[in-house]
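Below: one structure, written as C-alpha cells.
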Amino acid sequence: MCKGAKVHGHITRKSLPKDDDDEDWEALDSRIKSWFYTTCDANILQIISTDDCTAKDLWDKLTEFFLNNKMSRILQVQEQFRNTKKGSLSITKFCHTLKNLAEALADCDSKIDEIELVMQIFC
C-alpha cells in the first residue's frame, strides 16, 4: 500500500523532512499515521503511539510488538492447527480453516509442510 501511494520511504526512513518546517513531508507522514490509526486495534495503538511519533516510529513499534509476541503466537496457532477436527464442518470449510492456520504459521516463520497439512486433514 505504501509503495503504491509512493510513501514507502516514510516507514523505511529513506524519506526525511528537508528541515524542521517541511509541511509537505509532515502532511504525508500524518496521512500514513492515520492509516495506522484506522486499521490498528485501539489497545495496540495506546501501547505503541506517542504524541510526537512519526509513521516510521509507529511502524517500528508495531513490528517490535508483534515480534515480541511471535513465539506465543506460534504456540497458539500450532495448538489450533493440531486440535482442529472436521466435526460438523463441511470438507471445504475444514480445509480452508487448516489452510488459514498454516498460512498464519508461515507468517510467523513457522511453516507447515504439505505432508503435515495433508496428514492433519486425514486425521
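How things are named: the first chain in the C-alpha cells is A, the next is B, and so on; residues count from 1 in each chain; ligands count from 1 in the order shown.
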| query | Skipping near chain neighbours, those fewer than 3 positions away, what residues fall within 10 Å of range 6-11 of chain A using only C-alpha atoms, listed as a ChimeraX atom specification? | reply | /A:1-3,14-17,25,28-29,31-32,54-60
With C-alpha atoms kept, could you save the residues just selected as an mmCIF file, in the first residue's frame?
```cif
data_model
loop_
_atom_site.group_PDB
_atom_site.id
_atom_site.type_symbol
_atom_site.label_atom_id
_atom_site.label_comp_id
_atom_site.auth_asym_id
_atom_site.auth_seq_id
_atom_site.Cartn_x
_atom_site.Cartn_y
_atom_site.Cartn_z
ATOM 1 C CA MET A 1 0.000 0.000 0.000
ATOM 2 C CA CYS A 2 2.780 2.412 0.909
ATOM 3 C CA LYS A 3 4.691 1.670 -2.282
ATOM 4 C CA LYS A 14 14.541 6.886 3.197
ATOM 5 C CA SER A 15 12.290 9.929 3.120
ATOM 6 C CA LEU A 16 13.247 12.558 5.655
ATOM 7 C CA PRO A 17 11.988 16.106 6.151
ATOM 8 C CA TRP A 25 6.635 15.777 4.487
ATOM 9 C CA LEU A 28 2.348 12.750 4.112
ATOM 10 C CA ASP A 29 3.571 11.382 7.426
ATOM 11 C CA ARG A 31 -1.666 10.598 6.298
ATOM 12 C CA ILE A 32 0.314 7.397 6.871
ATOM 13 C CA THR A 54 6.319 9.553 13.106
ATOM 14 C CA ALA A 55 4.969 6.900 10.751
ATOM 15 C CA LYS A 56 8.384 5.217 10.992
ATOM 16 C CA ASP A 57 8.149 5.204 14.798
ATOM 17 C CA LEU A 58 4.705 3.571 14.629
ATOM 18 C CA TRP A 59 5.944 1.015 12.107
ATOM 19 C CA ASP A 60 8.974 0.115 14.241
#
```
Could the residues of range 64-116 of chain A that have an atom at most 12 Å from range 33-49 of chain A be listed as JSON lines, each with its closest atom pair and the distance in Å to one decimal, counting only C-alpha atoms and ordered by chain and ascending residue number?
```
{"residue": "A:Glu64", "atom": "CA", "partner": "A:Ile48", "partner_atom": "CA", "distance": 9.4}
{"residue": "A:Phe65", "atom": "CA", "partner": "A:Ile48", "partner_atom": "CA", "distance": 7.9}
{"residue": "A:Phe66", "atom": "CA", "partner": "A:Ile44", "partner_atom": "CA", "distance": 10.1}
```
Okay, now the selection with N, CA, C and O atoms, as a PDB file, in the first residue's frame?
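The file below, result-v7.pdb, is the result:
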```pdb
ATOM      1  N   GLU A  64       8.007  -4.381  16.451  1.00  0.00           N
ATOM      2  CA  GLU A  64       8.580  -4.887  17.700  1.00  0.00           C
ATOM      3  C   GLU A  64       7.511  -5.561  18.557  1.00  0.00           C
ATOM      4  O   GLU A  64       7.732  -6.630  19.122  1.00  0.00           O
ATOM      5  N   PHE A  65       6.335  -4.950  18.635  1.00  0.00           N
ATOM      6  CA  PHE A  65       5.239  -5.508  19.420  1.00  0.00           C
ATOM      7  C   PHE A  65       4.895  -6.910  18.937  1.00  0.00           C
ATOM      8  O   PHE A  65       4.768  -7.839  19.735  1.00  0.00           O
ATOM      9  N   PHE A  66       4.768  -7.089  17.629  1.00  0.00           N
ATOM     10  CA  PHE A  66       4.385  -8.390  17.101  1.00  0.00           C
ATOM     11  C   PHE A  66       5.533  -9.382  17.121  1.00  0.00           C
ATOM     12  O   PHE A  66       5.314 -10.575  17.342  1.00  0.00           O
TER      13      PHE A  66
END
```
| query | How would you write, as a count of residues only, the set of residues in chain A that DSSP gives as alpha helix (DSSP H)? | reply | 83
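Checking A:Ile91, A:Ala5, A:Val77, A:Val118 one by one against Leu105 in chain A, counting only C-alpha atoms, you find the shortest gap at A:Val77.
Among the candidates A:Gln78, A:Ser30, A:Lys99, A:Leu67, the residue lying nearest to Glu114 in chain A is A:Lys99 (atoms considered: only C-alpha atoms).
In this structure, CA of Ala102 in chain A sits 7.6 Å away from CA of Leu117 in chain A.
Coordinates place CA of Phe81 in chain A at a distance of 6.0 Å from CA of Leu101 in chain A.
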